[in-house]
Amino acid sequence: MNAPRPDRSSSQRRRSSAAFARARDLIPGGVNSPARAFGAVGGEPIFISAAQGQRLTDIDGNTYLDYIGSWGPMILGHRHPRVVAAIEAALARGTSYGAPTEAESRLAELIIAAVPSVEKVRMVSSGTEAAMSAVRLARGFTHREKIVKFSGNYHGHADSLLVAAGSSAATLGVPDSPGVTAGTARDTVVLDYNEPAQLEEAFRAGGDTIAAVLMEPVVGNMGLVMPTAEFLAAARRLTHEHGAVLVFDEVMTGFRLAPGGAQELLGVTPDLTTLGKIVGGGLPLGAYGGRREIMDHVLPAGKVFQAGTLSGNPLAVAAGTATLEELRDHPPYASLERLGTRLEEGWRAAAARHGVPAWIARAGSMMTMFLQAGPDVVPVTGWTTASRSATARYAEFFWGMMDRGVYLPCSQYEALFISAAHDTDDIDATIAAADAVLAAV
Ligand code: HOZ
C-alpha cells in the first residue's frame, strides 16, 4: 500500500505552526538551538507540551514515539520515577547555592567508577562547556597550541571547534561559522575520520605543536559512523608517542553505549573524556575528566582557568545521580541492544524490499539510516561519504514517519536514540511505519 504524501503543514499541527510564527518574532529562527528547527527537512517544528516514557505530546494533542530523547539524555525515558523523585527532593532543599555540596562528590564517584579514563572530574553545565574546557586544559597542560579534530565530528559550539563541524552546523550548511576568526581556525587542524595515514602525517609534520586530538570515538553528529580499530589505535599511539592529549567526546556515547561509554565498548582509553546529556539526567549538566595528573592543572588545584555559577547545580546533580544509579542498578544495555538489532534488521529489510539504497549504522541504542542515491549502497565511513546522502529523500522519509506518529531526528546527520522505555511493540510499530513510508520514497 502506498503511504500518503507527506503533509508538512498538516492541519493536525496548526497550533504548533502558530506557536512557531510567534516564536520566530521573538527568538532567532524561533528556536533556542538550530538542531530542532526542522530546517533540513523543509517544514516547521512541533511544539511540545509534555512527555512521558517513550512518548512526546505536542500542543495540538498529537502523540509521537520519541526517538530523539532530548538528543540523547533520556535513556530511561521521560519522567522516570526515580529521576523525578530525586529532582523533587533536591528542589525542596533549594535550587542553587554557588557553594559545594556533598551530592557533587557522590556524582563524581559514580562517573569515576564507570568511565575507565576518569580519575578526577569537573562538572560544568553543558557538553559545549566540557569540550571547550578540555581543549583549554590540554593546551595548558602541554604548553602547545594546535588541536586536531575530524570533519563531521561535533564538539559543541566553542570557536576553535566550529571548524568542519557536524550536527546542526553541517545540517544547516555552516560547518565553519561566521564569527570564528581566521586566527582561531588556524590552530585547529581538520582531518578526515577513519584515515589513520592523515593523522600519522599530521604528527610527522608538527607533532611537537599538537596539544590534543579531539574525537567522537563513535560519531553521532554526522549520523552514526563507527571508527575502525586501526584508526582508534593510531590516535592512541600517536598522541602517546608525541606527548599530546587524546580527548574522547563522549557527550552522546557516555553511559549510552555502555556504563563506561564507547571507551569501555572499544577498549581504548583516552587521556580526557567529555560528558553531557545522560550524565545530567535531562537537566543541564556536562563534565570533563581524565587522568589525575592532567586534571590537577585545573584551577584552583592548578592554573588552567574554568568556572561557572551553575556548575554542579543541585537539581542537575540530583537528576544525573538518579539516572546513573538507575543505570547501575538496572542496566538496560542488553535490552537496548536487542531492540536496536530488531529495528536495524526491520528497517534494512524494508529498504531492501522497496529498493531504497540505504546504509544503516548502529551502536547499541544509537542508529542512523543514511538514504542514498544509489544504485549501489556506499558504506559511510566519514564526512565525505556521509555528505553524499540523499537528504531530500530523508526529508520525505522523516515527514512520512511524522505522519505516522514517529518522531525521528529532523536531519540525516543526527543519530536516533532508543530508550529503556521503548518496548518490542514500539519497535515493531516503527518498522511497520518505515515499511509503509519507504514504499513511497
Ligand atoms: N548535540 C545535539 C545532537 N547533535 C544537538 C543538540 C542541539 O544542538 O540542540
# chains A, B, ... in the order shown; residues from 1 in each chain; ligands from 1
call {"tool": "residues_near_ligand", "arguments": {"ligand": "ligand 1", "cutoff": "7 Å", "atoms": "only C-alpha atoms and all ligand atoms", "output": "ChimeraX atom specification"}}
result
/A:33-36,71,156,167-168,220-221,414
call {"tool": "write_last_selection", "arguments": {"atoms": "all heavy atoms", "output": "compact mmCIF listing (two decimals), in the first residue's frame"}}
result
# COMPACT_ATOMS: atom_id res chain seq x y z
N SER A 33 17.92 26.45 19.79
CA SER A 33 19.06 25.69 19.27
C SER A 33 18.68 25.22 17.87
O SER A 33 17.56 24.72 17.67
CB SER A 33 19.35 24.50 20.18
OG SER A 33 20.54 23.86 19.77
N PRO A 34 19.56 25.43 16.88
CA PRO A 34 19.14 25.20 15.49
C PRO A 34 18.80 23.75 15.16
O PRO A 34 18.05 23.50 14.22
CB PRO A 34 20.34 25.68 14.67
CG PRO A 34 21.48 25.76 15.62
CD PRO A 34 20.91 25.98 16.98
N ALA A 35 19.33 22.80 15.90
CA ALA A 35 19.10 21.39 15.58
C ALA A 35 17.62 21.03 15.59
O ALA A 35 17.19 20.10 14.92
CB ALA A 35 19.84 20.50 16.57
N ARG A 36 16.83 21.79 16.33
CA ARG A 36 15.41 21.43 16.49
C ARG A 36 14.48 22.21 15.56
O ARG A 36 13.26 22.14 15.71
CB ARG A 36 15.00 21.65 17.95
CG ARG A 36 15.13 23.07 18.41
CD ARG A 36 14.89 23.26 19.89
NE ARG A 36 16.01 22.80 20.70
CZ ARG A 36 16.26 23.20 21.96
NH1 ARG A 36 15.46 24.05 22.55
NH2 ARG A 36 17.30 22.73 22.61
N TRP A 71 17.73 14.59 22.30
CA TRP A 71 19.04 14.43 21.63
C TRP A 71 20.00 13.60 22.47
O TRP A 71 21.20 13.81 22.45
CB TRP A 71 19.65 15.78 21.24
CG TRP A 71 18.79 16.56 20.30
CD1 TRP A 71 17.96 17.59 20.62
CD2 TRP A 71 18.62 16.35 18.88
NE1 TRP A 71 17.29 18.03 19.50
CE2 TRP A 71 17.69 17.29 18.41
CE3 TRP A 71 19.18 15.46 17.97
CZ2 TRP A 71 17.28 17.37 17.09
CZ3 TRP A 71 18.79 15.54 16.64
CH2 TRP A 71 17.85 16.49 16.22
N GLY A 156 30.24 20.71 20.23
CA GLY A 156 29.64 21.92 20.77
C GLY A 156 30.12 23.13 20.00
O GLY A 156 30.77 23.01 18.95
N SER A 167 26.68 17.86 13.17
CA SER A 167 25.40 18.21 13.80
C SER A 167 24.74 19.35 13.03
O SER A 167 24.83 19.42 11.81
CB SER A 167 25.59 18.54 15.28
OG SER A 167 24.34 18.67 15.92
N SER A 168 24.08 20.28 13.75
CA SER A 168 23.31 21.30 13.04
C SER A 168 24.22 22.22 12.24
O SER A 168 23.78 22.84 11.27
CB SER A 168 22.46 22.11 14.01
OG SER A 168 23.19 22.45 15.15
N GLY A 220 28.24 10.49 16.46
CA GLY A 220 26.79 10.59 16.39
C GLY A 220 26.34 11.82 15.63
O GLY A 220 25.16 11.99 15.35
N ASN A 221 27.29 12.69 15.29
CA ASN A 221 26.94 14.02 14.80
C ASN A 221 27.09 14.23 13.31
O ASN A 221 26.99 15.36 12.82
CB ASN A 221 27.76 15.07 15.55
CG ASN A 221 27.20 15.34 16.94
OD1 ASN A 221 26.09 15.80 17.09
ND2 ASN A 221 27.98 15.01 17.97
N GLU A 414 22.08 13.25 12.06
CA GLU A 414 21.95 13.04 13.50
C GLU A 414 21.59 11.57 13.71
O GLU A 414 21.03 10.93 12.81
CB GLU A 414 20.84 13.91 14.12
CG GLU A 414 21.04 15.42 13.97
CD GLU A 414 22.03 16.02 14.97
OE1 GLU A 414 22.62 15.26 15.76
OE2 GLU A 414 22.21 17.25 14.93
call {"tool": "select_by_dssp", "arguments": {"residues": "range 143-350 of chain A", "states": "alpha helix (DSSP H)", "output": "PyMOL selection string"}}
result
chain A and resi 167-171+182-186+196-206+229-242+261-266+292-295+314-329+333-350
call {"tool": "residues_around", "arguments": {"residues": "range 363-375 of chain A", "least_positions_apart": "5", "cutoff": "6 Å", "atoms": "only C-alpha atoms", "output": "list of chain:residue names"}}
result
A:Gly223, A:Leu224, A:Leu257, A:Leu336, A:Glu337, A:Gly340, A:Pro357, A:Ala358, A:Ser389, A:Ala390, A:Ala415, A:Leu416, A:Phe417, A:Ile418
call {"tool": "residues_around", "arguments": {"residues": "Phe397 in chain A", "least_positions_apart": "3", "cutoff": "9 Å", "atoms": "only C-alpha atoms", "output": "MDAnalysis selection string"}}
result
chainID A and resid 6 392:394 400:402 434 437:438 440:441
call {"tool": "write_last_selection", "arguments": {"atoms": "all heavy atoms", "output": "tab-separated table (two decimals), in the first residue's frame"}}
result
chain	number	residue	atom	x	y	z
A	6	PRO	N	3.66	13.09	2.20
A	6	PRO	CA	3.95	13.80	3.44
A	6	PRO	C	3.26	15.15	3.46
A	6	PRO	O	3.29	15.87	2.46
A	6	PRO	CB	5.48	13.98	3.40
A	6	PRO	CG	5.97	13.05	2.36
A	6	PRO	CD	4.84	12.74	1.44
A	392	ALA	N	17.11	14.97	0.42
A	392	ALA	CA	15.70	15.24	0.09
A	392	ALA	C	14.87	13.98	0.33
A	392	ALA	O	13.73	14.04	0.81
A	392	ALA	CB	15.58	15.68	-1.37
A	393	ARG	N	15.46	12.85	0.03
A	393	ARG	CA	14.78	11.57	0.27
A	393	ARG	C	14.59	11.36	1.79
A	393	ARG	O	13.56	10.89	2.24
A	393	ARG	CB	15.66	10.47	-0.32
A	393	ARG	CG	15.05	9.13	-0.38
A	393	ARG	CD	15.91	8.20	-1.22
A	393	ARG	NE	15.41	8.11	-2.58
A	393	ARG	CZ	15.85	7.22	-3.47
A	393	ARG	NH1	16.81	6.39	-3.15
A	393	ARG	NH2	15.33	7.17	-4.67
A	394	TYR	N	15.62	11.75	2.55
A	394	TYR	CA	15.49	11.62	4.01
A	394	TYR	C	14.35	12.51	4.52
A	394	TYR	O	13.59	12.13	5.41
A	394	TYR	CB	16.81	11.98	4.73
A	394	TYR	CG	16.65	11.80	6.22
A	394	TYR	CD1	16.81	10.54	6.80
A	394	TYR	CD2	16.26	12.85	7.05
A	394	TYR	CE1	16.60	10.33	8.16
A	394	TYR	CE2	16.05	12.66	8.41
A	394	TYR	CZ	16.22	11.40	8.96
A	394	TYR	OH	15.99	11.20	10.29
A	400	GLY	N	7.02	11.38	6.41
A	400	GLY	CA	6.15	10.20	6.38
A	400	GLY	C	6.07	9.55	7.75
A	400	GLY	O	4.99	9.13	8.19
A	401	MET	N	7.19	9.50	8.43
A	401	MET	CA	7.21	8.92	9.77
A	401	MET	C	6.46	9.81	10.76
A	401	MET	O	5.72	9.33	11.62
A	401	MET	CB	8.66	8.68	10.23
A	401	MET	CG	9.43	7.67	9.39
A	401	MET	SD	8.72	5.99	9.42
A	401	MET	CE	9.42	5.36	10.95
A	402	MET	N	6.63	11.12	10.62
A	402	MET	CA	5.88	12.05	11.49
A	402	MET	C	4.38	11.82	11.34
A	402	MET	O	3.63	11.79	12.32
A	402	MET	CB	6.19	13.50	11.10
A	402	MET	CG	7.51	14.02	11.60
A	402	MET	SD	7.52	14.26	13.38
A	402	MET	CE	6.70	15.84	13.52
A	434	ALA	N	8.00	2.55	8.84
A	434	ALA	CA	9.08	2.75	7.86
A	434	ALA	C	8.80	1.95	6.59
A	434	ALA	O	9.05	2.42	5.48
A	434	ALA	CB	10.42	2.34	8.47
A	437	VAL	N	6.37	3.94	4.61
A	437	VAL	CA	6.93	5.19	4.08
A	437	VAL	C	7.94	4.89	2.97
A	437	VAL	O	7.92	5.54	1.91
A	437	VAL	CB	7.58	6.02	5.20
A	437	VAL	CG1	8.23	7.27	4.64
A	437	VAL	CG2	6.54	6.40	6.25
A	438	LEU	N	8.78	3.90	3.18
A	438	LEU	CA	9.82	3.60	2.19
A	438	LEU	C	9.19	3.12	0.88
A	438	LEU	O	9.78	3.29	-0.20
A	438	LEU	CB	10.81	2.57	2.73
A	438	LEU	CG	11.75	3.11	3.82
A	438	LEU	CD1	12.53	1.97	4.49
A	438	LEU	CD2	12.71	4.14	3.26
A	440	ALA	N	6.93	4.48	-0.57
A	440	ALA	CA	6.58	5.66	-1.36
A	440	ALA	C	7.74	6.62	-1.59
A	440	ALA	O	7.64	7.54	-2.37
A	440	ALA	CB	5.46	6.42	-0.63
A	441	VAL	N	8.88	6.36	-0.93
A	441	VAL	CA	10.00	7.30	-1.04
A	441	VAL	C	10.70	7.13	-2.38
A	441	VAL	O	11.05	6.02	-2.74
A	441	VAL	CB	11.00	7.08	0.13
A	441	VAL	CG1	12.36	7.66	-0.20
A	441	VAL	CG2	10.48	7.72	1.39
call {"tool": "atom_distance", "arguments": {"atom1": "CA of Ala350 in chain A", "atom2": "CA of Val377 in chain A"}}
result
14.6 Å
call {"tool": "closest_atom_pairs", "arguments": {"of": "range 293-396 of chain A", "to": "range 269-275 of chain A", "cutoff": "12 Å", "atoms": "only C-alpha atoms", "output": "tab-separated table"}}
result
residue	atom	partner	partner_atom	distance
A:Glu293	CA	A:Asp271	CA	9.9
A:Ile294	CA	A:Asp271	CA	8.1
A:Met295	CA	A:Leu272	CA	8.5
A:Gly320	CA	A:Leu275	CA	11.4
call {"tool": "write_last_selection", "arguments": {"atoms": "N, CA, C and O atoms", "output": "PDB file, in the first residue's frame"}}
result
ATOM      1  N   GLU A 293      46.782  13.484  36.899  1.00  0.00           N
ATOM      2  CA  GLU A 293      47.940  14.350  36.614  1.00  0.00           C
ATOM      3  C   GLU A 293      47.556  15.537  35.723  1.00  0.00           C
ATOM      4  O   GLU A 293      48.061  16.644  35.882  1.00  0.00           O
ATOM      5  N   ILE A 294      46.607  15.280  34.793  1.00  0.00           N
ATOM      6  CA  ILE A 294      46.155  16.373  33.910  1.00  0.00           C
ATOM      7  C   ILE A 294      45.097  17.212  34.622  1.00  0.00           C
ATOM      8  O   ILE A 294      45.155  18.449  34.625  1.00  0.00           O
ATOM      9  N   MET A 295      44.126  16.545  35.238  1.00  0.00           N
ATOM     10  CA  MET A 295      43.018  17.278  35.868  1.00  0.00           C
ATOM     11  C   MET A 295      43.502  18.195  36.991  1.00  0.00           C
ATOM     12  O   MET A 295      42.886  19.224  37.269  1.00  0.00           O
ATOM     13  N   GLY A 320      21.146  13.717  37.476  1.00  0.00           N
ATOM     14  CA  GLY A 320      22.232  12.908  36.928  1.00  0.00           C
ATOM     15  C   GLY A 320      22.545  11.719  37.829  1.00  0.00           C
ATOM     16  O   GLY A 320      22.713  10.590  37.356  1.00  0.00           O
TER      17      GLY A 320
END
call {"tool": "closest_residue", "arguments": {"among": "A:Val189, A:Met226, A:Met215, A:Leu76", "to": "Ile360 in chain A", "atoms": "only C-alpha atoms"}}
result
A:Met226
call {"tool": "residues_around", "arguments": {"residues": "range 137-148 of chain A", "least_positions_apart": "5", "cutoff": "6 Å", "atoms": "only C-alpha atoms", "output": "ChimeraX atom specification"}}
result
/A:187-190,209-213
call {"tool": "write_last_selection", "arguments": {"atoms": "N, CA, C and O atoms", "output": "mmCIF file, in the first residue's frame"}}
result
data_model
loop_
_atom_site.group_PDB
_atom_site.id
_atom_site.type_symbol
_atom_site.label_atom_id
_atom_site.label_comp_id
_atom_site.auth_asym_id
_atom_site.auth_seq_id
_atom_site.Cartn_x
_atom_site.Cartn_y
_atom_site.Cartn_z
ATOM 1 N N ASP A 187 44.500 27.393 14.354
ATOM 2 C CA ASP A 187 45.030 26.489 15.382
ATOM 3 C C ASP A 187 44.284 25.159 15.430
ATOM 4 O O ASP A 187 44.569 24.308 16.276
ATOM 5 N N THR A 188 43.257 25.026 14.579
ATOM 6 C CA THR A 188 42.518 23.765 14.516
ATOM 7 C C THR A 188 42.882 23.043 13.222
ATOM 8 O O THR A 188 42.627 23.556 12.129
ATOM 9 N N VAL A 189 43.473 21.891 13.354
ATOM 10 C CA VAL A 189 43.838 21.086 12.188
ATOM 11 C C VAL A 189 42.702 20.092 11.943
ATOM 12 O O VAL A 189 42.331 19.343 12.850
ATOM 13 N N VAL A 190 42.135 20.129 10.730
ATOM 14 C CA VAL A 190 40.996 19.251 10.442
ATOM 15 C C VAL A 190 41.431 18.094 9.548
ATOM 16 O O VAL A 190 42.024 18.302 8.490
ATOM 17 N N THR A 209 53.745 20.468 18.099
ATOM 18 C CA THR A 209 52.865 21.638 18.247
ATOM 19 C C THR A 209 51.442 21.223 18.608
ATOM 20 O O THR A 209 50.594 22.072 18.873
ATOM 21 N N ILE A 210 51.160 19.925 18.586
ATOM 22 C CA ILE A 210 49.769 19.461 18.778
ATOM 23 C C ILE A 210 49.493 19.208 20.260
ATOM 24 O O ILE A 210 50.106 18.338 20.883
ATOM 25 N N ALA A 211 48.553 19.985 20.797
ATOM 26 C CA ALA A 211 48.178 19.817 22.202
ATOM 27 C C ALA A 211 47.237 18.635 22.380
ATOM 28 O O ALA A 211 47.358 17.878 23.355
ATOM 29 N N ALA A 212 46.291 18.486 21.439
ATOM 30 C CA ALA A 212 45.256 17.466 21.652
ATOM 31 C C ALA A 212 44.695 16.958 20.338
ATOM 32 O O ALA A 212 44.646 17.685 19.346
ATOM 33 N N VAL A 213 44.285 15.710 20.371
ATOM 34 C CA VAL A 213 43.436 15.156 19.314
ATOM 35 C C VAL A 213 42.079 14.932 19.954
ATOM 36 O O VAL A 213 41.957 14.232 20.958
#
call {"tool": "closest_residue", "arguments": {"among": "A:Ala158, A:Ala89, A:Ile46, A:Val41", "to": "Phe398 in chain A", "atoms": "only C-alpha atoms"}}
result
A:Val41
call {"tool": "residues_around", "arguments": {"residues": "Gln12 in chain A", "least_positions_apart": "2", "cutoff": "8 Å", "atoms": "only C-alpha atoms", "output": "list in words"}}
result
Ser10, Arg14, Asp60 and Asn62 of chain A
call {"tool": "write_last_selection", "arguments": {"atoms": "C-alpha atoms", "output": "short mmCIF file (atom, residue, chain, number, x, y, z; two decimals), in the first residue's frame"}}
result
data_model
loop_
_atom_site.label_atom_id
_atom_site.label_comp_id
_atom_site.auth_asym_id
_atom_site.auth_seq_id
_atom_site.Cartn_x
_atom_site.Cartn_y
_atom_site.Cartn_z
CA SER A 10 -0.78 19.33 8.42
CA ARG A 14 -1.98 24.07 13.44
CA ASP A 60 -2.07 20.08 19.16
CA ASN A 62 -0.69 14.59 18.85
#
call {"tool": "select_by_dssp", "arguments": {"residues": "range 140-218 of chain A", "states": "strand (DSSP E or B)", "output": "ChimeraX atom specification"}}
result
/A:146-150,188-191,210-215
call {"tool": "write_last_selection", "arguments": {"atoms": "N, CA, C and O atoms", "output": "compact mmCIF listing (two decimals), in the first residue's frame"}}
result
# COMPACT_ATOMS: atom_id res chain seq x y z
N LYS A 146 48.10 23.86 18.93
CA LYS A 146 47.26 23.25 17.89
C LYS A 146 46.38 22.14 18.47
O LYS A 146 46.80 21.39 19.36
N ILE A 147 45.17 22.03 17.90
CA ILE A 147 44.36 20.85 18.20
C ILE A 147 43.96 20.19 16.88
O ILE A 147 43.82 20.87 15.85
N VAL A 148 43.79 18.89 16.92
CA VAL A 148 43.34 18.15 15.74
C VAL A 148 41.92 17.71 15.98
O VAL A 148 41.59 17.19 17.07
N LYS A 149 41.04 17.96 15.01
CA LYS A 149 39.68 17.41 15.06
C LYS A 149 39.36 16.81 13.70
O LYS A 149 40.13 16.96 12.75
N PHE A 150 38.20 16.14 13.62
CA PHE A 150 37.87 15.41 12.40
C PHE A 150 36.58 15.96 11.78
O PHE A 150 35.62 16.27 12.49
N THR A 188 43.26 25.03 14.58
CA THR A 188 42.52 23.77 14.52
C THR A 188 42.88 23.04 13.22
O THR A 188 42.63 23.56 12.13
N VAL A 189 43.47 21.89 13.35
CA VAL A 189 43.84 21.09 12.19
C VAL A 189 42.70 20.09 11.94
O VAL A 189 42.33 19.34 12.85
N VAL A 190 42.14 20.13 10.73
CA VAL A 190 41.00 19.25 10.44
C VAL A 190 41.43 18.09 9.55
O VAL A 190 42.02 18.30 8.49
N LEU A 191 41.14 16.88 9.99
CA LEU A 191 41.47 15.69 9.21
C LEU A 191 40.21 14.87 8.96
O LEU A 191 39.16 15.13 9.57
N ILE A 210 51.16 19.92 18.59
CA ILE A 210 49.77 19.46 18.78
C ILE A 210 49.49 19.21 20.26
O ILE A 210 50.11 18.34 20.88
N ALA A 211 48.55 19.99 20.80
CA ALA A 211 48.18 19.82 22.20
C ALA A 211 47.24 18.63 22.38
O ALA A 211 47.36 17.88 23.36
N ALA A 212 46.29 18.49 21.44
CA ALA A 212 45.26 17.47 21.65
C ALA A 212 44.69 16.96 20.34
O ALA A 212 44.65 17.68 19.35
N VAL A 213 44.29 15.71 20.37
CA VAL A 213 43.44 15.16 19.31
C VAL A 213 42.08 14.93 19.95
O VAL A 213 41.96 14.23 20.96
N LEU A 214 41.07 15.57 19.37
CA LEU A 214 39.71 15.53 19.93
C LEU A 214 38.83 14.76 18.97
O LEU A 214 38.80 15.06 17.77
N MET A 215 38.13 13.77 19.46
CA MET A 215 37.31 12.96 18.54
C MET A 215 36.09 12.37 19.24
O MET A 215 36.09 12.15 20.45
call {"tool": "atom_distance", "arguments": {"atom1": "CA of Leu283 in chain A", "atom2": "CA of Val124 in chain A"}}
result
11.7 Å
call {"tool": "closest_residue", "arguments": {"among": "A:Gly166, A:Asp296, A:Arg362, A:Thr430", "to": "Thr384 in chain A", "atoms": "only C-alpha atoms"}}
result
A:Gly166
call {"tool": "residues_around", "arguments": {"residues": "Thr171 in chain A", "least_positions_apart": "2", "cutoff": "8 Å", "atoms": "only C-alpha atoms", "output": "number ranges by chain"}}
result
A: 40, 166-169, 173-174, 411-413
call {"tool": "write_last_selection", "arguments": {"atoms": "C-alpha atoms", "output": "mmCIF file, in the first residue's frame"}}
result
data_model
loop_
_atom_site.group_PDB
_atom_site.id
_atom_site.type_symbol
_atom_site.label_atom_id
_atom_site.label_comp_id
_atom_site.auth_asym_id
_atom_site.auth_seq_id
_atom_site.Cartn_x
_atom_site.Cartn_y
_atom_site.Cartn_z
ATOM 1 C CA ALA A 40 16.880 20.467 6.882
ATOM 2 C CA GLY A 166 28.911 18.164 12.283
ATOM 3 C CA SER A 167 25.401 18.209 13.797
ATOM 4 C CA SER A 168 23.312 21.298 13.042
ATOM 5 C CA ALA A 169 26.432 23.141 11.803
ATOM 6 C CA GLY A 173 25.422 24.484 5.964
ATOM 7 C CA VAL A 174 27.697 26.357 8.397
ATOM 8 C CA SER A 411 18.275 15.754 9.887
ATOM 9 C CA GLN A 412 20.069 12.978 8.029
ATOM 10 C CA TYR A 413 23.151 13.969 10.011
#
call {"tool": "closest_residue", "arguments": {"among": "A:Arg236, A:Lys120, A:Arg106, A:Arg55", "to": "Tyr288 in chain A", "atoms": "only C-alpha atoms"}}
result
A:Lys120
